[in-house]
file my_file.txt (compact mmCIF, C-alpha atoms and all ligand atoms)
# COMPACT_ATOMS: atom_id res chain seq x y z
CA MET A 1 -100.66 54.34 33.32
CA LYS A 2 -98.32 57.33 33.21
CA GLY A 3 -95.64 58.15 35.73
CA ASN A 4 -95.37 55.06 37.91
CA LYS A 5 -93.02 52.65 36.25
CA MET A 6 -89.55 54.15 36.41
CA GLN A 7 -87.19 52.50 38.90
CA PRO A 8 -83.70 54.00 39.17
CA ASN A 9 -80.74 51.62 38.88
CA THR A 10 -82.65 49.38 36.49
CA ILE A 11 -81.97 48.13 32.98
CA TYR A 12 -85.23 47.86 31.08
CA CYS A 13 -85.74 45.67 28.08
CA GLY A 14 -88.19 47.25 25.67
CA ASP A 15 -88.80 49.93 23.09
CA VAL A 16 -87.55 53.38 23.98
CA LEU A 17 -90.72 55.16 22.84
CA GLN A 18 -93.11 52.84 24.65
CA LEU A 19 -91.15 52.91 27.91
CA LEU A 20 -90.42 56.64 28.01
CA ALA A 21 -94.10 57.41 27.38
CA THR A 22 -94.96 55.82 30.73
CA TRP A 23 -92.38 57.74 32.77
CA PRO A 24 -92.81 61.06 34.59
CA ALA A 25 -91.84 64.26 32.80
CA GLY A 26 -88.91 66.27 34.15
CA SER A 27 -87.34 63.46 36.17
CA VAL A 28 -83.92 62.85 34.60
CA ASP A 29 -80.77 64.98 34.99
CA LEU A 30 -78.71 63.69 32.09
CA VAL A 31 -79.46 61.73 28.92
CA PHE A 32 -76.73 60.11 26.87
CA ALA A 33 -78.03 58.51 23.66
CA ASP A 34 -75.98 56.47 21.20
CA PRO A 35 -78.71 55.26 18.84
CA PRO A 36 -78.28 52.91 15.91
CA PHE A 37 -76.81 55.04 13.07
CA ASN A 38 -78.96 53.55 10.26
CA ILE A 39 -75.97 52.17 8.43
CA GLY A 40 -77.00 48.54 8.21
CA TYR A 41 -75.22 47.42 11.36
CA VAL A 42 -76.50 44.08 12.62
CA TYR A 43 -77.95 44.20 16.10
CA ASP A 44 -79.53 41.41 18.00
CA LYS A 45 -83.15 42.67 17.61
CA TYR A 46 -83.11 46.01 15.80
CA ARG A 47 -82.92 46.35 11.97
CA ASP A 48 -80.58 49.22 11.23
CA ASP A 49 -81.58 49.92 7.62
CA ARG A 50 -84.72 52.03 7.60
CA PRO A 51 -85.60 54.39 4.76
CA ASP A 52 -83.90 57.71 5.51
CA GLU A 53 -87.11 59.66 6.10
CA GLU A 54 -88.47 57.05 8.46
CA TYR A 55 -85.21 57.06 10.42
CA VAL A 56 -85.26 60.86 10.74
CA GLU A 57 -88.89 60.75 11.92
CA TRP A 58 -88.03 58.08 14.45
CA SER A 59 -85.07 60.15 15.66
CA ARG A 60 -87.36 63.13 16.17
CA ASP A 61 -89.76 60.93 18.17
CA TRP A 62 -87.17 59.51 20.56
CA MET A 63 -85.43 62.88 20.97
CA ARG A 64 -88.78 64.45 21.88
CA ALA A 65 -89.47 61.61 24.33
CA CYS A 66 -86.06 62.09 26.00
CA GLN A 67 -86.58 65.85 26.15
CA ARG A 68 -89.88 65.29 27.96
CA VAL A 69 -88.36 63.20 30.74
CA LEU A 70 -85.40 65.60 31.16
CA LYS A 71 -85.51 68.05 34.05
CA PRO A 72 -85.59 71.74 33.06
CA THR A 73 -81.91 71.89 34.08
CA GLY A 74 -81.04 68.68 32.23
CA SER A 75 -78.34 67.95 29.63
CA PHE A 76 -78.78 65.78 26.57
CA TYR A 77 -75.84 64.24 24.69
CA ILE A 78 -76.34 62.39 21.39
CA ALA A 79 -73.68 60.39 19.54
CA ILE A 80 -74.29 60.06 15.78
CA GLY A 81 -72.46 59.25 12.55
CA ASP A 82 -71.86 61.52 9.54
CA GLU A 83 -74.91 60.20 7.68
CA PHE A 84 -77.50 61.79 10.01
CA ALA A 85 -75.51 64.31 12.08
CA ALA A 86 -77.02 67.27 10.23
CA ASP A 87 -80.56 65.92 10.76
CA ILE A 88 -80.00 65.46 14.48
CA ARG A 89 -78.67 68.99 14.82
CA VAL A 90 -81.72 70.38 13.00
CA ILE A 91 -84.17 68.32 15.05
CA GLY A 92 -82.47 69.59 18.21
CA ARG A 93 -83.11 73.15 17.09
CA GLU A 94 -86.72 72.38 16.14
CA LEU A 95 -87.32 70.92 19.59
CA GLY A 96 -85.89 74.02 21.24
CA LEU A 97 -82.78 72.33 22.64
CA HIS A 98 -79.72 74.56 23.05
CA LEU A 99 -76.50 73.33 21.50
CA ARG A 100 -73.53 73.93 23.82
CA ASN A 101 -70.91 71.93 21.92
CA TRP A 102 -70.69 69.94 18.71
CA ILE A 103 -68.04 67.51 19.89
CA ILE A 104 -65.97 65.41 17.54
CA TRP A 105 -64.84 62.18 19.10
CA HIS A 106 -61.69 61.44 17.13
CA TYR A 107 -60.88 57.83 17.70
CA THR A 108 -57.22 57.31 17.31
CA PHE A 109 -57.13 53.60 16.71
CA GLY A 110 -58.90 50.74 15.07
CA GLN A 111 -60.17 51.91 11.69
CA ASN A 112 -58.91 51.34 8.18
CA THR A 113 -60.25 51.80 4.66
CA LYS A 114 -59.05 50.86 1.19
CA ALA A 115 -60.35 53.48 -1.17
CA LYS A 116 -61.08 56.61 0.82
CA PHE A 117 -59.76 58.43 3.85
CA CYS A 118 -60.36 56.48 7.03
CA ARG A 119 -63.34 57.73 8.91
CA ALA A 120 -62.06 58.32 12.39
CA HIS A 121 -64.72 60.28 14.21
CA THR A 122 -68.20 60.34 15.63
CA HIS A 123 -70.25 63.44 16.35
CA ILE A 124 -71.45 64.00 19.90
CA PHE A 125 -74.00 66.77 20.34
CA TYR A 126 -74.13 68.37 23.74
CA PHE A 127 -77.55 70.00 24.16
CA VAL A 128 -79.18 71.50 27.23
CA LYS A 129 -82.86 72.13 27.84
CA ASP A 130 -82.34 75.61 29.28
CA ALA A 131 -79.56 77.83 27.91
CA GLU A 132 -78.97 79.44 31.33
CA ARG A 133 -79.55 76.71 33.90
CA PHE A 134 -77.61 73.48 33.63
CA THR A 135 -74.90 71.50 35.43
CA PHE A 136 -71.38 71.87 34.11
CA ASN A 137 -68.68 70.78 36.60
CA ASP A 138 -65.68 72.40 35.01
CA ARG A 139 -63.42 71.57 38.00
CA LEU A 140 -63.87 67.86 37.31
CA LEU A 141 -62.62 68.21 33.76
CA ARG A 142 -59.45 70.25 34.10
CA PHE A 143 -55.93 69.09 33.36
CA PRO A 144 -52.53 70.78 32.83
CA SER A 145 -52.20 72.83 29.65
CA ALA A 146 -49.11 73.10 27.47
CA ARG A 147 -48.21 76.16 29.55
CA HIS A 148 -47.67 73.80 32.46
CA THR A 149 -46.36 70.73 30.66
CA GLU A 150 -44.09 72.46 28.14
CA TYR A 151 -43.10 75.79 29.64
CA GLN A 152 -43.56 75.26 33.39
CA ASP A 153 -45.15 78.68 33.30
CA LEU A 154 -46.19 79.68 36.83
CA ARG A 155 -48.46 82.39 35.44
CA ALA A 156 -50.79 79.79 33.90
CA SER A 157 -54.00 79.02 35.80
CA PRO A 158 -53.16 76.61 38.64
CA LEU A 159 -56.51 74.94 37.96
CA GLY A 160 -55.47 73.84 34.48
CA ARG A 161 -57.60 73.99 31.36
CA LEU A 162 -60.75 72.37 29.96
CA PRO A 163 -60.73 69.79 27.15
CA ASP A 164 -61.28 70.94 23.56
CA ASP A 165 -64.38 69.96 21.63
CA VAL A 166 -62.29 67.47 19.62
CA TRP A 167 -61.78 64.47 21.87
CA ASP A 168 -58.86 62.29 20.96
CA GLU A 169 -58.05 60.77 24.34
CA PHE A 170 -60.45 57.86 23.94
CA PRO A 171 -59.52 55.08 21.52
CA ARG A 172 -62.43 52.89 20.47
CA VAL A 173 -62.89 49.76 22.55
CA CYS A 174 -61.36 47.28 20.12
CA GLY A 175 -61.68 43.51 20.37
CA THR A 176 -58.30 43.08 22.06
CA PHE A 177 -58.78 45.71 24.74
CA ARG A 178 -59.06 44.59 28.32
CA GLU A 179 -62.13 46.78 28.71
CA ARG A 180 -64.11 44.94 26.04
CA ALA A 181 -67.17 43.25 27.57
CA GLY A 182 -67.43 41.02 24.52
CA PHE A 183 -71.18 40.81 23.87
CA HIS A 184 -71.82 44.05 21.97
CA GLY A 185 -70.05 45.37 18.88
CA CYS A 186 -70.57 49.06 19.67
CA GLN A 187 -69.24 49.30 23.22
CA MET A 188 -68.10 52.83 23.98
CA PRO A 189 -65.09 53.58 26.20
CA GLU A 190 -66.07 54.03 29.83
CA ALA A 191 -63.60 56.91 30.25
CA LEU A 192 -65.49 58.90 27.60
CA LEU A 193 -68.80 58.36 29.39
CA GLN A 194 -67.14 59.24 32.67
CA ARG A 195 -66.16 62.62 31.26
CA ILE A 196 -69.77 63.29 30.24
CA VAL A 197 -71.23 62.02 33.52
CA LEU A 198 -68.78 64.04 35.63
CA ALA A 199 -69.33 67.16 33.52
CA SER A 200 -73.12 67.18 33.45
CA SER A 201 -74.39 65.49 36.60
CA ASN A 202 -73.76 65.32 40.33
CA PRO A 203 -73.66 62.35 42.72
CA GLY A 204 -77.18 61.06 43.27
CA ASP A 205 -78.45 62.49 39.95
CA LEU A 206 -80.38 60.31 37.53
CA VAL A 207 -78.67 59.39 34.23
CA LEU A 208 -80.68 57.84 31.39
CA ASP A 209 -79.30 55.91 28.42
CA PRO A 210 -82.23 55.07 26.09
CA PHE A 211 -80.01 52.78 23.90
CA VAL A 212 -77.88 51.24 26.61
CA GLY A 213 -76.27 48.48 24.48
CA SER A 214 -73.41 47.05 26.53
CA GLY A 215 -74.19 49.30 29.52
CA THR A 216 -71.27 51.74 29.34
CA THR A 217 -73.23 54.81 30.43
CA ALA A 218 -74.81 52.97 33.33
CA ALA A 219 -71.40 51.61 34.40
CA ALA A 220 -69.86 55.10 34.37
CA ALA A 221 -72.85 56.49 36.29
CA LYS A 222 -72.84 53.75 38.93
CA ARG A 223 -69.10 53.95 39.50
CA THR A 224 -69.23 57.69 40.09
CA GLY A 225 -72.23 57.58 42.46
CA ARG A 226 -75.04 58.56 40.11
CA ARG A 227 -78.28 56.64 39.67
CA TYR A 228 -78.91 55.18 36.23
CA ILE A 229 -81.62 53.87 33.96
CA GLY A 230 -80.89 51.99 30.77
CA ILE A 231 -83.18 50.79 27.99
CA ASP A 232 -82.48 48.31 25.24
CA LEU A 233 -84.69 46.48 22.80
CA SER A 234 -82.64 43.31 23.09
CA PRO A 235 -83.27 40.93 26.01
CA GLU A 236 -79.77 39.53 25.48
CA TYR A 237 -78.02 42.93 25.70
CA ALA A 238 -80.19 43.96 28.65
CA GLU A 239 -79.36 40.77 30.55
CA GLN A 240 -75.63 40.97 29.79
CA THR A 241 -75.62 44.63 30.83
CA ARG A 242 -77.24 43.73 34.16
CA ARG A 243 -74.45 41.21 34.70
CA ARG A 244 -71.81 43.78 33.75
CA LEU A 245 -73.30 46.26 36.22
CA ALA A 246 -73.43 43.71 39.03
CA ALA A 247 -69.62 43.73 38.95
CA VAL A 248 -69.37 47.55 39.06
CA ARG A 249 -69.01 49.25 42.47
CA ASP A 250 -70.00 52.77 43.42
CA GLU A 251 -66.57 54.24 44.17
CA SER A 252 -67.66 57.83 44.61
CA ARG A 253 -66.94 57.74 48.34
CA ALA A 254 -63.97 55.37 48.20
CA ARG A 255 -60.83 56.67 49.90
CA PRO A 256 -57.24 55.39 49.96
CA GLU A 257 -56.62 52.82 52.69
CA GLY A 258 -53.16 51.93 53.95
CA GLY A 259 -51.58 53.61 50.92
CA VAL A 260 -53.82 51.69 48.47
CA TRP A 261 -55.73 53.95 46.11
CA PRO A 262 -59.27 53.07 44.96
CA ALA A 263 -59.25 51.83 41.37
CA LEU A 264 -61.38 54.80 40.30
CA HIS A 265 -58.75 57.24 41.55
CA VAL A 266 -56.03 55.43 39.61
CA ASP A 267 -58.27 55.61 36.53
CA HIS A 268 -58.77 59.34 37.08
CA LEU A 269 -54.99 59.80 37.29
CA LEU A 270 -54.45 57.81 34.09
CA GLN A 271 -57.14 59.83 32.35
CA ILE A 272 -55.51 63.12 33.38
CA TYR A 273 -52.20 61.71 32.10
CA ARG A 274 -53.84 60.95 28.73
CA GLU A 275 -55.30 64.42 28.61
CA THR A 276 -51.89 66.07 29.03
CA GLY A 277 -50.67 64.34 25.86
CA VAL A 278 -47.06 64.25 27.11
CA THR A 279 -44.96 61.31 28.24
CA LEU A 280 -44.67 60.26 31.84
CA ASN A 281 -40.97 61.11 32.02
CA ASN A 282 -41.78 64.70 31.10
CA LEU A 283 -44.42 64.91 33.79
CA ILE A 284 -42.56 63.31 36.67
CA GLY A 285 -39.89 65.99 36.70
CA ASN A 286 -42.31 68.87 36.19
CA GLU A 287 -43.40 70.33 39.52
CA VAL A 288 -45.74 72.88 37.91
CA ALA A 289 -47.66 70.24 35.95
CA LEU A 290 -47.75 67.87 38.94
CA ARG A 291 -49.33 70.57 41.07
CA VAL A 292 -52.14 71.00 38.55
CA ILE A 293 -52.56 67.22 38.32
CA ALA A 294 -52.82 66.89 42.11
CA GLY A 295 -55.52 69.59 42.14
CA ALA A 296 -57.38 68.00 39.22
CA LEU A 297 -57.23 64.58 40.84
CA ALA A 298 -58.48 65.97 44.16
CA ALA A 299 -61.44 67.54 42.34
CA ARG A 300 -62.35 64.34 40.47
CA SER A 301 -61.78 61.93 43.36
CA GLY A 302 -62.85 64.04 46.34
CA HIS A 303 -59.60 63.18 48.15
CA PRO A 304 -56.78 65.74 48.65
CA TYR A 305 -53.84 63.97 47.03
CA SER A 306 -50.49 65.76 47.43
CA VAL A 307 -47.93 66.40 44.69
CA ASP A 308 -45.60 63.85 46.31
CA GLU A 309 -48.31 61.21 46.35
CA VAL A 310 -49.08 61.85 42.69
CA ARG A 311 -45.42 61.68 41.70
CA ALA A 312 -44.87 58.48 43.71
CA ARG A 313 -47.96 56.88 42.14
CA PHE A 314 -46.83 57.85 38.64
CA GLU A 315 -43.39 56.36 39.32
CA GLU A 316 -44.95 53.16 40.60
CA LEU A 317 -47.36 52.90 37.68
CA GLY A 318 -44.55 53.65 35.24
CA ARG A 319 -42.62 50.59 36.47
CA LYS A 320 -45.54 48.25 35.71
CA PRO A 321 -45.16 46.33 32.44
CA GLY A 322 -48.51 47.32 30.92
CA PHE A 323 -48.26 51.02 31.66
CA PRO A 324 -48.97 53.22 28.60
CA LYS A 325 -45.63 54.76 27.65
CA LEU A 326 -47.49 57.17 25.43
CA PRO A 327 -50.61 58.72 26.92
CA ASN A 328 -52.90 57.20 24.30
CA ASP A 329 -51.73 53.61 24.58
CA THR A 330 -54.52 51.35 25.76
CA PRO A 331 -54.25 48.19 27.86
CA PHE A 332 -55.03 45.13 25.81
CA ALA A 333 -55.64 41.52 26.67
CA PRO A 334 -53.83 39.05 24.40
CA ARG A 335 -56.50 36.97 22.69
CA ASP A 336 -56.45 33.87 20.60
CA HIS A 337 -57.99 35.39 17.53
CA ARG A 338 -60.40 32.98 15.93
CA THR A 339 -63.41 33.53 13.77
CA LYS A 340 -66.82 32.38 14.96
CA GLU A 341 -66.34 29.24 12.86
CA GLY A 342 -63.14 28.46 14.76
CA LYS A 343 -60.73 29.40 11.94
CA ARG A 344 -57.50 31.01 13.05
CA TYR A 345 -56.97 34.64 12.22
CA VAL A 346 -54.70 34.72 9.14
CA ARG A 347 -51.86 37.18 8.98
CA THR A 348 -50.84 38.92 5.78
CA LYS A 349 -48.21 37.15 3.69
CA LEU A 350 -45.71 39.89 4.32
CA LEU A 351 -45.82 39.32 8.04
CA GLN A 352 -45.93 35.53 7.72
CA ASN A 353 -42.70 35.49 5.78
CA PRO A 354 -40.00 37.35 7.67
CA ARG A 355 -37.36 36.30 5.08
CA ARG A 356 -39.25 38.22 2.47
CA THR A 357 -39.28 41.43 4.47
CA ALA A 358 -35.58 40.95 5.30
CA LYS A 359 -34.80 40.50 1.58
CA GLN A 360 -36.80 43.58 0.72
CA SER A 361 -34.99 45.54 3.40
CA LEU A 362 -31.61 44.33 2.09
CA ARG A 363 -32.52 45.39 -1.44
CA MET A 364 -33.54 48.75 -0.13
CA LEU A 365 -30.31 49.08 1.86
CA ALA A 366 -28.27 48.18 -1.24
CA ARG A 367 -30.02 51.03 -3.03
CA GLY A 368 -28.89 53.32 -0.23
CA GLY A 369 -32.24 53.56 1.52
CA PRO A 370 -35.63 54.66 0.23
CA ARG A 371 -35.44 56.51 -3.10
CA PRO A 372 -35.58 60.28 -2.87
CA PRO A 373 -38.47 61.77 -4.85
CA ASP A 374 -37.49 62.53 -8.44
CA ALA A 375 -38.93 65.66 -9.95
CA ASN A 376 -39.05 64.05 -13.45
CA THR A 377 -40.87 60.86 -12.54
CA PRO A 378 -44.59 61.01 -11.90
CA PRO A 379 -45.66 59.97 -8.42
CA ALA A 380 -46.28 56.24 -8.09
CA GLU A 381 -49.83 54.92 -7.89
CA PRO A 382 -50.81 54.62 -4.25
CA ARG A 383 -50.33 51.05 -3.04
CA ARG A 384 -53.33 49.27 -1.64
CA ARG A 385 -52.44 47.89 1.71
CA GLY A 386 -54.15 46.00 4.47
CA ARG A 387 -57.08 43.67 4.30
CA PRO A 388 -60.76 43.92 5.12
CA ARG A 389 -61.31 44.29 8.83
CA LYS A 390 -62.75 41.46 10.84
CA HIS A 391 -65.42 42.30 13.29
CA ALA A 392 -65.42 41.18 16.87
CA GLY A 393 -69.10 42.06 17.03
CA PRO A 394 -71.93 41.30 14.63
CA VAL A 395 -71.21 41.76 10.94
CA PRO A 396 -73.12 44.56 9.20
CA ALA A 397 -75.64 43.14 6.74
CA SER A 398 -74.98 45.68 4.03
CA GLY A 399 -71.23 45.49 4.36
CA ALA A 400 -71.14 48.87 6.09
CA VAL A 401 -68.96 49.02 9.16
CA ARG A 402 -70.37 50.89 12.10
CA GLU A 403 -67.40 53.14 12.10
CA ALA A 404 -68.55 54.91 15.22
CA THR A 405 -68.06 52.59 18.08
CA GLY A 406 -68.05 48.97 17.09
C1 LIG A 501 -75.13 51.78 19.25
S1 LIG A 501 -75.82 50.71 20.38
C2 LIG A 501 -75.47 51.46 21.91
C3 LIG A 501 -74.09 51.11 22.41
C4 LIG A 501 -73.77 51.69 23.76
N1 LIG A 501 -73.52 53.12 23.68
C5 LIG A 501 -72.57 51.01 24.40
O1 LIG A 501 -71.61 51.67 24.82
O2 LIG A 501 -72.60 49.79 24.50
C6 LIG A 501 -77.53 51.00 20.12
C7 LIG A 501 -78.43 50.09 20.92
O3 LIG A 501 -79.79 50.53 20.72
C8 LIG A 501 -80.64 49.41 20.85
N2 LIG A 501 -81.95 49.77 20.26
C9 LIG A 501 -82.30 49.85 18.95
N3 LIG A 501 -83.58 50.24 18.81
C10 LIG A 501 -84.06 50.43 20.05
C11 LIG A 501 -85.32 50.84 20.55
N4 LIG A 501 -86.34 51.14 19.72
N5 LIG A 501 -85.47 50.94 21.88
C12 LIG A 501 -84.45 50.63 22.72
N6 LIG A 501 -83.23 50.24 22.29
C13 LIG A 501 -83.04 50.14 20.98
C14 LIG A 501 -79.89 48.32 20.12
O4 LIG A 501 -80.31 47.03 20.53
C15 LIG A 501 -78.42 48.64 20.50
O5 LIG A 501 -77.99 47.83 21.56

call {"tool": "encode", "arguments": {"input": "my_file.txt", "output": "structure tokens"}}
result
Amino acid sequence: MKGNKMQPNTIYCGDVLQLLATWPAGSVDLVFADPPFNIGYVYDKYRDDRPDEEYVEWSRDWMRACQRVLKPTGSFYIAIGDEFAADIRVIGRELGLHLRNWIIWHYTFGQNTKAKFCRAHTHIFYFVKDAERFTFNDRLLRFPSARHTEYQDLRASPLGRLPDDVWDEFPRVCGTFRERAGFHGCQMPEALLQRIVLASSNPGDLVLDPFVGSGTTAAAAKRTGRRYIGIDLSPEYAEQTRRRLAAVRDESRARPEGGVWPALHVDHLLQIYRETGVTLNNLIGNEVALRVIAGALAARSGHPYSVDEVRARFEELGRKPGFPKLPNDTPFAPRDHRTKEGKRYVRTKLLQNPRRTAKQSLRMLARGGPRPPDANTPPAEPRRRGRPRKHAGPVPASGAVREATG
């Protein structure tokens, strides 16, 4: 029976097409979809190696199903790898979706290759159903521009600027990061989903993730006071996501108490810091930038923080041992790296043998440092460095790494 089965704040286990077909049209404000990329990644229940044409047909089907449940004012974000990005863009046009941005999420950490340039990005399409009517909360996205951080230019907009369409403030959630939930290889960073949720929905709105995986979209939605619905084929992922969400609080109305800031407000401040791209020392002494940050934080948190409060909080955070000295550093949790079979993670020989590196350094010093390039000698063959990456999550069957998020 159509239209009677959708309960907000629920994680459903099932097939996206079957479930969405039973839900009312025009009921969702924002969809974020991070589907399997069809690159042979091993999921719990889904087989990620369909023939290309079948995968493209399936993509059209689920995109159409999401479009149907979107409100006329709704926004639709889709993350996808290089292999099928062009197809998704074309399907979006065929379905009559309007492309507002073709975002490149440039992940700044965690990838390596041996014989080609490292792939360090995922595409995120930002579509809307109606080209004129949609939610875009620009005030919740602003941060100081270089005019504030570099030149202390009082003529620059006191509101700050909007992020570019190349996002490099969100490292992938690697196995050692504190954020890692640990049960899904493709967990996306919550800060990235927070940006999307803040931009394209309002408190109380309904956010749908049809491939919820580890529950990142739902966590970002719940924390910022939106309602959520998640779908995943895997009972295991769905159950683990429910547990993850049980520990997440709606902090949209949280306010500082006795000088203690809500965790979400601290996260907003850290995110603005990352977005500036400059070091904390540069910011703390920069009244012009701090003013913009206080305004941006007030917009995101709903609480009117003063410049002095922001400076004091930065100083306090800066004294903590784990504080990112560079904006893009990410908190990590030291782990005892072991394979699933219990074998210890083996370091490369070079690192295992410090005497060898010392000897090499001495030899290099004796030569008077690294050799300057010689116009008569041909360039040396590139050295192959590193070793195959180990995966914290499931290992791709075909040997392909899901370079997007896992
Ligand atoms: C790339 S992951 C999503 C990761 C997620 N963005 C996160 O941050 O954790 C894709 C998910 O889609 C799920 N999936 C695959 N086919 C599905 C289907 N037909 N219906 C619902 N979920 C499906 C997989 O089980 C997998 O967890």

call {"tool": "atom_distance", "arguments": {"input": "my_file.txt", "atom1": "CA of Val278 (chain A)", "atom2": "CA of Ser157 (chain A)"}}
result
18.5 Å

call {"tool": "axis_aligned_box", "arguments": {"input": "my_file.txt", "around": "ligand LIG 501 (chain A)", "padding_each_side": "6 Å", "output": "lines of an AutoDock Vina configuration file"}}
result
center_x = -79.0
center_y = 50.1
center_z = 21.8
size_x = 26.7
size_y = 18.1
size_z = 18.0

call {"tool": "closest_atom_pairs", "arguments": {"input": "my_file.txt", "of": "chain A", "to": "ligand LIG 501 (chain A)", "cutoff": "8 Å", "atoms": "all atoms listed in the file", "output": "tab-separated table"}}
result
residue	atom	partner	partner_atom	distance
A:Cys13	CA	A:LIG501	C12	7.4
A:Gly14	CA	A:LIG501	C12	5.8
A:Asp15	CA	A:LIG501	N5	3.7
A:Val16	CA	A:LIG501	N5	3.8
A:Leu17	CA	A:LIG501	N4	6.7
A:Ala33	CA	A:LIG501	N1	7.0
A:Asp34	CA	A:LIG501	N1	4.8
A:Pro35	CA	A:LIG501	C6	4.6
A:Pro36	CA	A:LIG501	C6	4.7
A:Phe37	CA	A:LIG501	C1	7.2
A:Tyr43	CA	A:LIG501	O4	5.8
A:Asp44	CA	A:LIG501	O4	6.2
A:Lys45	CA	A:LIG501	O4	6.0
A:Tyr46	CA	A:LIG501	C9	5.0
A:Arg47	CA	A:LIG501	C9	7.8
A:Asp48	CA	A:LIG501	C9	7.9
A:His184	CA	A:LIG501	O2	6.3
A:Gly185	CA	A:LIG501	O2	7.6
A:Cys186	CA	A:LIG501	C3	4.9
A:Gln187	CA	A:LIG501	O2	3.6
A:Met188	CA	A:LIG501	O1	3.8
A:Pro189	CA	A:LIG501	O1	6.9
A:Glu190	CA	A:LIG501	O1	7.8
A:Asp209	CA	A:LIG501	N1	8.0
A:Pro210	CA	A:LIG501	C12	6.0
A:Phe211	CA	A:LIG501	O3	3.9
A:Val212	CA	A:LIG501	C4	5.0
A:Gly213	CA	A:LIG501	O5	3.5
A:Ser214	CA	A:LIG501	O2	3.5
A:Gly215	CA	A:LIG501	O2	5.3
A:Thr216	CA	A:LIG501	O1	4.5
A:Thr217	CA	A:LIG501	O1	6.6
A:Ile231	CA	A:LIG501	C12	5.4
A:Asp232	CA	A:LIG501	N6	3.6
A:Leu233	CA	A:LIG501	N6	4.1
A:Ser234	CA	A:LIG501	O4	5.1
A:Tyr237	CA	A:LIG501	O5	6.4
A:Thr405	CA	A:LIG501	C1	7.2
A:Gly406	CA	A:LIG501	C1	7.9

call {"tool": "closest_residue", "arguments": {"input": "my_file.txt", "among": "A:Ala79, A:Val173, A:Ala296, A:Val207", "to": "Leu30 (chain A)", "atoms": "all atoms listed in the file"}}
result
A:Val207

call {"tool": "residues_around", "arguments": {"input": "my_file.txt", "residues": "Arg311 (chain A)", "least_positions_apart": "6", "cutoff": "12 Å", "atoms": "all atoms listed in the file", "output": "list in words"}}
result
Leu269, Tyr273, Leu280, Asn281, Asn282, Leu283, Ile284, Gly285, Asn286, Glu287, Val288, Ala289, Leu290, Arg291, Val292, Ile293, Ala294, Tyr305, Leu317 and Gly318 of chain A

call {"tool": "atom_distance", "arguments": {"input": "my_file.txt", "atom1": "CA of Val128 (chain A)", "atom2": "CA of Leu95 (chain A)"}}
result
11.2 Å

call {"tool": "atom_distance", "arguments": {"input": "my_file.txt", "atom1": "CA of Phe323 (chain A)", "atom2": "CA of Phe143 (chain A)"}}
result
19.7 Å

call {"tool": "closest_residue", "arguments": {"input": "my_file.txt", "among": "A:Arg226, A:Arg68, A:Arg161, A:Arg172", "to": "His106 (chain A)", "atoms": "all atoms listed in the file"}}
result
A:Arg172

call {"tool": "residues_around", "arguments": {"input": "my_file.txt", "residues": "Ala120 (chain A)", "least_positions_apart": "4", "cutoff": "7 Å", "atoms": "all atoms listed in the file", "output": "mmCIF file with C-alpha atoms, in the frame of the given file"}}
result
data_model
loop_
_atom_site.group_PDB
_atom_site.id
_atom_site.type_symbol
_atom_site.label_atom_id
_atom_site.label_comp_id
_atom_site.auth_asym_id
_atom_site.auth_seq_id
_atom_site.Cartn_x
_atom_site.Cartn_y
_atom_site.Cartn_z
ATOM 1 C CA HIS A 106 -61.690 61.440 17.130
ATOM 2 C CA TYR A 107 -60.880 57.830 17.700
ATOM 3 C CA THR A 108 -57.220 57.310 17.310
ATOM 4 C CA GLN A 111 -60.170 51.910 11.690
#

call {"tool": "closest_residue", "arguments": {"input": "my_file.txt", "among": "A:Phe84, A:Tyr228, A:Phe136, A:Trp23", "to": "Leu162 (chain A)", "atoms": "only C-alpha atoms"}}
result
A:Phe136

call {"tool": "residues_around", "arguments": {"input": "my_file.txt", "residues": "region 54-65 of chain A", "least_positions_apart": "2", "cutoff": "8 Å", "atoms": "all atoms listed in the file", "output": "PDB file with C-alpha atoms, in the frame of the given file"}}
result
ATOM      1  CA  VAL A  16     -87.550  53.380  23.980  1.00  0.00           C
ATOM      2  CA  LEU A  17     -90.720  55.160  22.840  1.00  0.00           C
ATOM      3  CA  LEU A  20     -90.420  56.640  28.010  1.00  0.00           C
ATOM      4  CA  ALA A  21     -94.100  57.410  27.380  1.00  0.00           C
ATOM      5  CA  ASN A  38     -78.960  53.550  10.260  1.00  0.00           C
ATOM      6  CA  ARG A  50     -84.720  52.030   7.600  1.00  0.00           C
ATOM      7  CA  PRO A  51     -85.600  54.390   4.760  1.00  0.00           C
ATOM      8  CA  ASP A  52     -83.900  57.710   5.510  1.00  0.00           C
ATOM      9  CA  GLN A  67     -86.580  65.850  26.150  1.00  0.00           C
ATOM     10  CA  ARG A  68     -89.880  65.290  27.960  1.00  0.00           C
ATOM     11  CA  VAL A  69     -88.360  63.200  30.740  1.00  0.00           C
ATOM     12  CA  PHE A  84     -77.500  61.790  10.010  1.00  0.00           C
ATOM     13  CA  ASP A  87     -80.560  65.920  10.760  1.00  0.00           C
ATOM     14  CA  ILE A  88     -80.000  65.460  14.480  1.00  0.00           C
ATOM     15  CA  ILE A  91     -84.170  68.320  15.050  1.00  0.00           C
ATOM     16  CA  GLY A  92     -82.470  69.590  18.210  1.00  0.00           C
ATOM     17  CA  LEU A  95     -87.320  70.920  19.590  1.00  0.00           C
TER      18      LEU A  95
END

call {"tool": "residues_around", "arguments": {"input": "my_file.txt", "residues": "Gly295 (chain A)", "least_positions_apart": "2", "cutoff": "10 Å", "atoms": "only C-alpha atoms", "output": "list in words"}}
result
Arg139, Leu140, Arg142, Phe143, Pro144, Pro158, Leu159, Gly160, Leu290, Arg291, Val292, Ile293, Leu297, Ala298, Ala299, Arg300, Ser301, His303, Pro304, Tyr305, Ser306 and Val307 of chain A
